[in-house]
Structures are given as structure tokens and as C-alpha cells.
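Novice: First the structure, which I've put down as C-alpha cells, then a few questions once you've had a look.
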Amino acid sequence: MKRQAFNPYLPSWEYIPDGEPYVFGDRVYVYGSHDFYNGYVFCMGDYVCWSAPVDDLGNWRYEGVIYPRNEDPLNKDGKMCLYAPDVTVGPDGRYYLYYVLDHVSIVSVAVCDTPAGRYEFYGYVHYADGTRLGERQGDEPQFDPGLLTEGERTYLYTGFCGRGDKSRTGTMATVLGPDMLTILEEPVFIAPGCEYGEGTGFEGHEFFEAPSMRKVGDTYYFIYSSVVMHELCYAVSSHPTKGFAYGGVLVSNCDLHIDAGKPADMPMAYGANNHGSMVEIKGKWYIFYHRHTNGTWYSRQGCAEELEILPNGSILQAEMTSCGLNGGPLMGKGEYPAYIACHLFTDTPCVYVGGDAFPRIMQDGRDGDREPGYIANIQDSATAGFKYFSCSGVRRIRIKVRGYADGVFEVKTAWDGQALAQIKVKYANVWEEYSAPVEIPDGMQAIYLTYRGGGNASLLSFALE
């Protein structure tokens with residue numbers, strides 16, 4: 001029996017942001033950087049890989065470490081972090097892994113004969129004279145490589161453009177030859193950073209980081225993180241290195257800009273930077289992105305949502321859900337972990353992660369401990385939202401709660417909806433189960449749980465009966 005697919009799609013104790021998804025054979029593989037739970041900087045771990053059958057997207061398999069941080073000759077002491085990578089298949093059929101270390105501005109390359117085997121260091125992207133890209137006078141620093149290979153040519157997209165930095169122009173596109181290292185065509189700029197966005201059509205959504213390229217039919221879709229950080233945007237062109245026009249937002253990790261059951265300008269989760277890309281799986285397109293946990297920027301988890309590409313080639317913004325890869329709503333019966341909440345907020349709106357008064361998804365133990373995730377720091381007005389469920393005859397709801405809290409959880413089917421039930425909770429330093437009768441209307445429904453009262457609670461799970 002196939003497993004239901006949740007967001008995040010990997011186990012709650014795994015932290016793989018910056019996901020680049022690809023279908024190789026009958027499996028989808030995700031390559032990303034590797035955060036730690038309770039990490040104090042980005043990307044503290046080795047590169048690992050996860051994969052799933054294309055027809056069973058709730059059944060992810062750990063492929064192990066594919067590239068350790070000290071494999072690069074510049075990082076033998078392992079003191080530098082492996083930032084967001086990408087993978088492409090070269091003209092020789094081998095798999096090439098591109099990445100940038102956190103203290104250098106050049107692009108490193110590793111290679112493997114299989115999608116998720118052990119990659120070996122291969123070399124650095126360089127000009128024909130051997131000078132490494134990023135080190136020639138006039139080069140802009142390299143960052144966040146994204147790849148697209150067509151025939152004998154590989155297109156490398158890089159860049160990072162922060163506010164106030166006029167030395168960074170925008171997204172660079174560089175063409176590599178069949179050896180996957182030597183530059184055939186020198187960098188050109190395909191999308192502006194925020195200091196050069198005026199009059200380009202990208203205003204307000206200029207390039208920040210996370211370049212990625214996909215091709216749909218004859219159209220090139222450039223996916224990137226914009227200057228506001230929480231959104232992944234796209235631009236389109238009929239050519240891989242020129243003519244890109246801004247298209248719109250694909251997903252926001254605080255659900256801004258979209259009015260699916262809430263005001264478009266209302267943040268519904270605590271966002272921050274974002275990074276990901278599109279993939280087609282069995283005729284459906286999905287956007288992979290990441291969310292932020294533990295109240296920090298440094299413990300990010302991969303999520304995915306289904307996309308709708310319109311006949312004219314434009315793409316509608318995807319709403320954040322708890323069931324992104326599931327192919328439809330979750331079953332409206334049974335127990336669900338609280339960490340799959342797609343919405344998390346209080347009566348005080350906030351776009352970005354952080355703040356002692358805000359709820360957060362976390363786990364017990366240390367990084368690597370296979371402890372279940374839960375929602376902590378639930379104070380008065382904190383709301384957790386879960387979308388969507390196919391409900392039929394739901395007459396009772398149960399929750400598992402711990403913490404020094406004295407209040408009630410309201411059960412609703414909309415963030416601002418009428419309370420259909422109230423579940424009283426009390427002080428407990430262990431997980432306790434509480435329940436209440438409720439009548440959830442039949443059909444596709446969201447479930448929202450809002451805490452009203454004193455103290456501070458944690459929510460492990462809920463069950464619909």
C-alpha cells in the first residue's frame with residue numbers, strides 16, 4: 001500500500017534545503033545542501049541524497065552520503081561548508097555535481113557514474129587558459145550553481161546579489177564545453193539584481209540567489225529566489241542565455257501574494273530565504289522549496305507543491321499545503337503529526353522567522369536523533385493550519401499536548417472560521433491526549449487549531465475520528 005505524502009516530504013528529523021529535483025529512470029532524486037537541527041550556520045553537513053519511486057512519492061529512501069565536505073582539495077580540513085549544489089547529466093552519461101564552498105568564489109565539480117553513488121572530485125570551472133571562473137579580474141563571485149545540459153553544451157547559472165551591493169550585477173550564464181569544466185562562452189547576465197532592476201520588469205522581484213533552469217517544451221524557465229527572499233520566482237525565454245522576461249511567483253514560504261482562503265497580504269508561516277526548482281513527475285509539475293524550523297534560519301526542511309502551468313505558459317502561484325506530493329487531500333481519518341503544519345502564526349503578523357513569542361517546529365534530542373517533530377512555544381493566539389483532508393463523517397478530534405499551559409485549543413476549518421469544538425488542556429510535562437466531539441463538514445477541508453489561554457504548550461499530533 002502506498003504511503004501518503006506529507007510536507008515536509010522527508011522524515012521530520014532530516015534537514016535538506018535548497019532542493020534540486022530530477023527524475024532519473026523510475027525514481028525522483030533530490031539534491032540539496034545539508035542543514036543540522038540546532039545548527040548555528042547554514043549547510044553544516046555533507047551532501048546526502050534521497051529518492052522516491054515516481055509512482056509512490058510518500059516513500060522516500062535515504063541514499064547516504066554522496067559527497068563529504070573534505071573531498072574538495074581546497075577543503076581537506078573540512079572547515080568550509082558545502083553550499084547549495086546542482087546535478088546535471090553530461091554528454092558522456094555521467095552525473096556531475098556542481099557546488100561552491102562558503103569561503104571561495106569559484107565553482108567546484110564532482111562526478112559519479114550513478115545518480116546517488118559516491119561522487120569524486122573532478123575539477124574547477126575554468127577559462128580556456130586555465131584561470132578559474134571567479135578569479136579573473138572583472139569576474140563577479142560565483143555562488144549557487146544551477147545547470148542545464150543540452151547536447152554538448154552545459155549552461156551554468158550563478159550569482160548572488162544583496163541589497164546595497166552595486167558590485168553584483170545579476171544572474172550570470174556561462175556556457176561550458178563537453179568536458180564540463182572549460183568555458184566556451186564567457187558569462188553574460190540574464191536577470192538583474194536589485195541594484196539594477198529599474199526598468200527591467202523585475203522590479204520588486206529582482207534576483208537575489210538560487211538560480212535554477214528548467215525547459216518545458218521550447219521555453220526556458222529560470223527559477224530563482226528574489227530580493228524579498230521568501231519567494232521563488234520565474235522568468236521565461238526562448239533562449240537559455242538571453243531574453244528573459246519576469247513571469248511571476250511560484251511559491252512563497254510564508255504564503256504571501258496568494259489569497260487561497262486568506263488575504264493575499266497575510267503571512268501564514270514564518271519565512272526567510274528560499275531555494276528550489278521545478279520537476280515533472282508522471283505528467284505533473286511540482287515546485288520544490290524549503291521551510292524554516294526551530295525559530296531560526298539554519299534548520300531548513302524540503303517541501304513541495306503541485307504547479308499548474310497554463311496553456312499560455314504562465315504558472316500560477318502554488319499555495320503551501322501539508323499534502324504537496326500526495327496527488328490530492330490526505331485521508332480525513334487517522335492520526336497526523338503536528339510537524340506537517342503548513343500554516344503557523346499568531347495574531348501578530350510576521351513575515352520572517354524568529355521571535356520568542358512565535359510558535360516553531362522542533363524536535364527533541366540532537367541532530368541525527370530520529371525524534372518526531374512537533375510544534376513548540378504555543379502561546380495565546382498561536383494557530384497551526386493543516387491543508388487538506390478528504391473528510392467524511394468526522395465526529396471527534398484528539399490531540400497530544402504537553403507543557404505548562406492552561407487553556408483550550410479551538411478546532412476550525414478556516415483560519416478565521418467559527419470554532420467547531422474546544423479541547424481543554426492542562427499542565428503536563430509528558431505527552432497527554434485530550435479529545436472533544438466535533439462535526440467536520442464532509443468534503444475537502446482544512447484543519448486549524450488555535451490555542452487560547454495561558455502558559456506555553458507543545459503539540460505532537462492530532463487525530464480525526
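The chains in the C-alpha cells are called A, B, ... from first to last as shown; in each chain the residues are counted from 1, and the ligands are counted from 1 in the order shown.
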Compile the contact shell of Glu203 (chain A) as a ChimeraX atom specification: residues with an atom at most 12 Å away, counting only C-alpha atoms, same-chain residues fewer than 5 positions apart removed.

Specialist: /A:191-198,226-228,245-248

Novice: For the selection you just gave me, I'd like the residues written to a file as a CSV table (one decimal), in the first residue's frame, keeping C-alpha atoms.

Specialist:
chain,number,residue,atom,x,y,z
A,191,ALA,CA,18.4,38.7,-14.8
A,192,PRO,CA,19.1,41.8,-12.7
A,193,GLY,CA,19.9,42.1,-9.1
A,194,CYS,CA,18.0,44.7,-7.0
A,195,GLU,CA,20.5,47.5,-7.6
A,196,TYR,CA,19.9,47.2,-11.4
A,197,GLY,CA,16.2,46.3,-11.6
A,198,GLU,CA,14.8,49.6,-12.6
A,226,SER,CA,14.0,37.1,-5.2
A,227,VAL,CA,15.3,40.0,-3.2
A,228,VAL,CA,12.5,39.5,-0.6
A,245,ALA,CA,11.1,38.3,-19.0
A,246,TYR,CA,9.8,38.2,-15.5
A,247,GLY,CA,6.9,35.7,-15.1
A,248,GLY,CA,5.7,35.7,-11.5

Novice: List the spatial neighbours of Ala116 (chain A) as a list in words - criterion: any atom at most 8 Å away, only C-alpha atoms, same-chain residues fewer than 6 positions off excluded.

Specialist: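 What passes the distance filter is Cys49, Glu63 and Ile66 of chain A.
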
Novice: Run DSSP on the backbone of this structure and report the residues of region 60-280 of chain A it assigns to helix (DSSP H, G or I), as a count of residues only.

Specialist: 9

Novice: Tell me which of A:Leu344, A:Met268, A:Ile287, A:Ala357 sits closest to Gly302 (chain A), counting only C-alpha atoms.

Specialist: A:Ile287

Novice: Please determine, counting only C-alpha atoms, which residue among A:Cys303, A:Ala421, A:Cys342, A:Ile397 has the shortest atom-to-atom distance to Glu14 (chain A).

Specialist: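 The closest residue to Glu14 (chain A) is A:Cys303.
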
Novice: Would you mind listing what lies within 9 Å of Tyr336 (chain A) as an mmCIF file with C-alpha atoms, in the first residue's frame, with only C-alpha atoms counted and same-chain residues fewer than 5 positions away left out?

Specialist:
data_model
loop_
_atom_site.group_PDB
_atom_site.id
_atom_site.type_symbol
_atom_site.label_atom_id
_atom_site.label_comp_id
_atom_site.auth_asym_id
_atom_site.auth_seq_id
_atom_site.Cartn_x
_atom_site.Cartn_y
_atom_site.Cartn_z
ATOM 1 C CA LEU A 460 2.725 16.450 18.923
ATOM 2 C CA SER A 461 -0.197 15.214 16.808
ATOM 3 C CA PHE A 462 -3.918 15.235 16.153
ATOM 4 C CA ALA A 463 -6.341 12.544 15.066
ATOM 5 C CA LEU A 464 -9.628 12.703 13.193
#

Novice: Name the closest residue to Gly295 (chain A) among the candidates A:Asp356, A:Glu209, A:Asp46, A:Asp265; distances are taken between atoms, counting only C-alpha atoms.

Specialist: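 Once distances to Gly295 (chain A) are computed over only C-alpha atoms, the minimum belongs to A:Asp356.
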
Novice: Quick one: everything within 6 Å of region 119-136 of chain A, counting only C-alpha atoms, minus sequence neighbours fewer than 2 positions away in the same chain. Send it as a JSON list (two decimals) with N, CA and C atoms, in the first residue's frame.

Specialist:
[["chain", "number", "residue", "atom", "x", "y", "z"],
["A", 66, "ILE", "N", 26.70, 11.24, -0.43],
["A", 66, "ILE", "CA", 27.20, 11.12, -1.80],
["A", 66, "ILE", "C", 28.47, 11.93, -2.01],
["A", 67, "TYR", "N", 28.75, 12.88, -1.09],
["A", 67, "TYR", "CA", 29.97, 13.69, -1.24],
["A", 67, "TYR", "C", 30.28, 14.35, 0.09],
["A", 105, "SER", "N", 35.09, 31.77, -4.15],
["A", 105, "SER", "CA", 34.13, 32.27, -5.16],
["A", 105, "SER", "C", 34.33, 31.58, -6.50],
["A", 106, "ILE", "N", 34.68, 30.30, -6.45],
["A", 106, "ILE", "CA", 34.84, 29.51, -7.67],
["A", 106, "ILE", "C", 33.90, 28.31, -7.62],
["A", 107, "VAL", "N", 33.68, 27.69, -8.77],
["A", 107, "VAL", "CA", 32.75, 26.56, -8.87],
["A", 107, "VAL", "C", 33.54, 25.25, -8.94],
["A", 108, "SER", "N", 33.25, 24.36, -7.99],
["A", 108, "SER", "CA", 33.86, 23.03, -7.95],
["A", 108, "SER", "C", 32.93, 22.02, -8.60],
["A", 109, "VAL", "N", 33.51, 20.93, -9.11],
["A", 109, "VAL", "CA", 32.74, 19.90, -9.80],
["A", 109, "VAL", "C", 33.19, 18.53, -9.32],
["A", 110, "ALA", "N", 32.21, 17.66, -9.06],
["A", 110, "ALA", "CA", 32.48, 16.25, -8.75],
["A", 110, "ALA", "C", 31.68, 15.40, -9.74],
["A", 111, "VAL", "N", 32.03, 14.11, -9.85],
["A", 111, "VAL", "CA", 31.41, 13.27, -10.87],
["A", 111, "VAL", "C", 31.16, 11.88, -10.32],
["A", 112, "CYS", "N", 30.13, 11.23, -10.87],
["A", 112, "CYS", "CA", 29.76, 9.88, -10.46],
["A", 112, "CYS", "C", 29.10, 9.17, -11.64],
["A", 139, "ASP", "N", 35.76, 39.37, -12.93],
["A", 139, "ASP", "CA", 34.76, 38.34, -12.64],
["A", 139, "ASP", "C", 33.96, 38.70, -11.39],
["A", 140, "GLU", "N", 32.68, 38.41, -11.41],
["A", 140, "GLU", "CA", 31.89, 38.52, -10.20],
["A", 140, "GLU", "C", 31.95, 37.19, -9.45],
["A", 141, "PRO", "N", 31.84, 37.20, -8.12],
["A", 141, "PRO", "CA", 31.95, 35.97, -7.35],
["A", 141, "PRO", "C", 30.89, 34.95, -7.76],
["A", 142, "GLN", "N", 31.28, 33.69, -7.75],
["A", 142, "GLN", "CA", 30.37, 32.61, -8.11],
["A", 142, "GLN", "C", 29.62, 32.12, -6.87],
["A", 181, "LEU", "N", 33.95, 21.40, -17.71],
["A", 181, "LEU", "CA", 34.78, 22.33, -16.92],
["A", 181, "LEU", "C", 35.20, 23.57, -17.70],
["A", 182, "THR", "N", 35.50, 23.42, -18.99],
["A", 182, "THR", "CA", 36.09, 24.51, -19.77],
["A", 182, "THR", "C", 35.02, 25.42, -20.36],
["A", 183, "ILE", "N", 35.22, 26.71, -20.20],
["A", 183, "ILE", "CA", 34.26, 27.71, -20.65],
["A", 183, "ILE", "C", 34.35, 27.90, -22.17]]

Novice: Using 8 Å as the limit and counting only C-alpha atoms, can you tabulate each residue of region 327-426 of chain A that touches region 430-437 of chain A, with its shortest atom-to-atom distance in Å and the two atoms involved, as a tab-separated table?

Specialist:
residue	atom	partner	partner_atom	distance
A:Arg395	CA	A:Pro437	CA	5.8
A:Arg396	CA	A:Pro437	CA	4.3
A:Ile397	CA	A:Ser435	CA	5.6
A:Arg398	CA	A:Ser435	CA	4.2
A:Ile399	CA	A:Tyr434	CA	5.4
A:Lys400	CA	A:Glu433	CA	4.5
A:Val401	CA	A:Trp431	CA	5.3
A:Arg402	CA	A:Trp431	CA	4.7
A:Gly403	CA	A:Val430	CA	7.4
A:Ala421	CA	A:Ala436	CA	6.8
A:Gln422	CA	A:Ala436	CA	6.9
A:Ile423	CA	A:Ala436	CA	5.7
A:Lys424	CA	A:Tyr434	CA	7.3
A:Val425	CA	A:Tyr434	CA	6.9

Novice: I need the chosen residues saved as a compact mmCIF listing (two decimals), in the first residue's frame, with C-alpha atoms.

Specialist:
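In the end it all went to part-v2.txt:
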# COMPACT_ATOMS: atom_id res chain seq x y z
CA ARG A 395 -17.18 13.30 14.69
CA ARG A 396 -14.26 13.51 17.14
CA ILE A 397 -10.80 15.03 17.28
CA ARG A 398 -7.92 14.05 19.55
CA ILE A 399 -4.71 15.95 20.26
CA LYS A 400 -1.46 15.09 22.06
CA VAL A 401 -0.12 18.00 24.07
CA ARG A 402 2.48 18.66 26.74
CA GLY A 403 3.73 21.76 28.55
CA ALA A 421 -15.02 22.48 19.12
CA GLN A 422 -12.86 23.39 22.09
CA ILE A 423 -10.38 20.98 23.62
CA LYS A 424 -9.39 21.77 27.18
CA VAL A 425 -5.73 21.14 28.11

Novice: Can you check which parts of region 84-203 of chain A lie within 12 Å of region 39-44 of chain A? Per residue, the shortest pair of atoms and distance in Å to one decimal, counting only C-alpha atoms, sorted by chain and number, as JSON lines.

Specialist:
{"residue": "A:Ala84", "atom": "CA", "partner": "A:Cys43", "partner_atom": "CA", "distance": 7.9}
{"residue": "A:Pro85", "atom": "CA", "partner": "A:Cys43", "partner_atom": "CA", "distance": 10.7}
{"residue": "A:Tyr99", "atom": "CA", "partner": "A:Cys43", "partner_atom": "CA", "distance": 11.9}
{"residue": "A:Val100", "atom": "CA", "partner": "A:Cys43", "partner_atom": "CA", "distance": 11.4}
{"residue": "A:Leu101", "atom": "CA", "partner": "A:Cys43", "partner_atom": "CA", "distance": 10.0}
{"residue": "A:Asp102", "atom": "CA", "partner": "A:Cys43", "partner_atom": "CA", "distance": 9.2}

Novice: Figure out the distance between CA of Thr241 (chain A) and CA of Pro187 (chain A), please, to one decimal in Å.

Specialist: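 Separating CA of Pro187 (chain A) from CA of Thr241 (chain A) is a distance of 9.2 Å.
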
Novice: CA of Val394 (chain A) to CA of Ala341 (chain A): how many Å, to one decimal?

Specialist: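 CA of Ala341 (chain A) lies at a distance of 19.4 Å from CA of Val394 (chain A).
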
Novice: Using only C-alpha atoms, can you tell me which of A:Ala272, A:Cys254, A:Val54, A:Val65 comes closest to Glu319 (chain A)?

Specialist: A:Cys254

Novice: Region 122-167 of chain A: which residues are strand (DSSP E) by DSSP, as number ranges by chain?

Specialist: A: 122-124, 146-150, 153-158

Novice: Given only C-alpha atoms as the basis, pick out the residue of A:Phe389, A:Tyr95, A:Tyr270, A:Tyr31 nearest to Val351 (chain A).

Specialist: A:Tyr270

Novice: Mind pulling up the distance from CA of Thr293 (chain A) to CA of Ile361 (chain A)?

Specialist: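 So the two atoms, CA of Ile361 (chain A) and CA of Thr293 (chain A), lie 5.1 Å apart.
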
Novice: Fewer than 6 positions away in the same chain doesn't count, so skip those; otherwise give me all residues within 9 Å of region 307-316 of chain A, counting only C-alpha atoms, as number ranges by chain.

Specialist: A: 216, 219, 234, 236, 247-251, 278, 284-287

Novice: Convert the current residue selection to file output with C-alpha atoms, as a PDB file, in the first residue's frame.

Specialist:
ATOM      1  CA  VAL A 216       9.287  22.974 -20.769  1.00  0.00           C
ATOM      2  CA  THR A 219      10.563  27.501 -23.296  1.00  0.00           C
ATOM      3  CA  TYR A 234      10.381  32.545 -12.535  1.00  0.00           C
ATOM      4  CA  VAL A 236      10.878  32.879 -19.307  1.00  0.00           C
ATOM      5  CA  GLY A 247       6.870  35.743 -15.124  1.00  0.00           C
ATOM      6  CA  GLY A 248       5.659  35.660 -11.518  1.00  0.00           C
ATOM      7  CA  VAL A 249       5.930  33.918  -8.160  1.00  0.00           C
ATOM      8  CA  LEU A 250       5.933  30.127  -7.980  1.00  0.00           C
ATOM      9  CA  VAL A 251       5.741  29.732  -4.203  1.00  0.00           C
ATOM     10  CA  MET A 278      10.593  22.534 -10.772  1.00  0.00           C
ATOM     11  CA  LYS A 284       2.502  16.693 -13.265  1.00  0.00           C
ATOM     12  CA  TRP A 285       4.779  19.599 -12.448  1.00  0.00           C
ATOM     13  CA  TYR A 286       5.909  20.345  -8.889  1.00  0.00           C
ATOM     14  CA  ILE A 287       7.879  23.103  -7.227  1.00  0.00           C
TER      15      ILE A 287
END

Novice: Pick from A:Tyr388, A:Tyr448, A:Tyr29, A:Trp415: nearest to Ala5 (chain A), with only C-alpha atoms counted?

Specialist: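 With only C-alpha atoms as the atom set, the closest residue is A:Tyr388.
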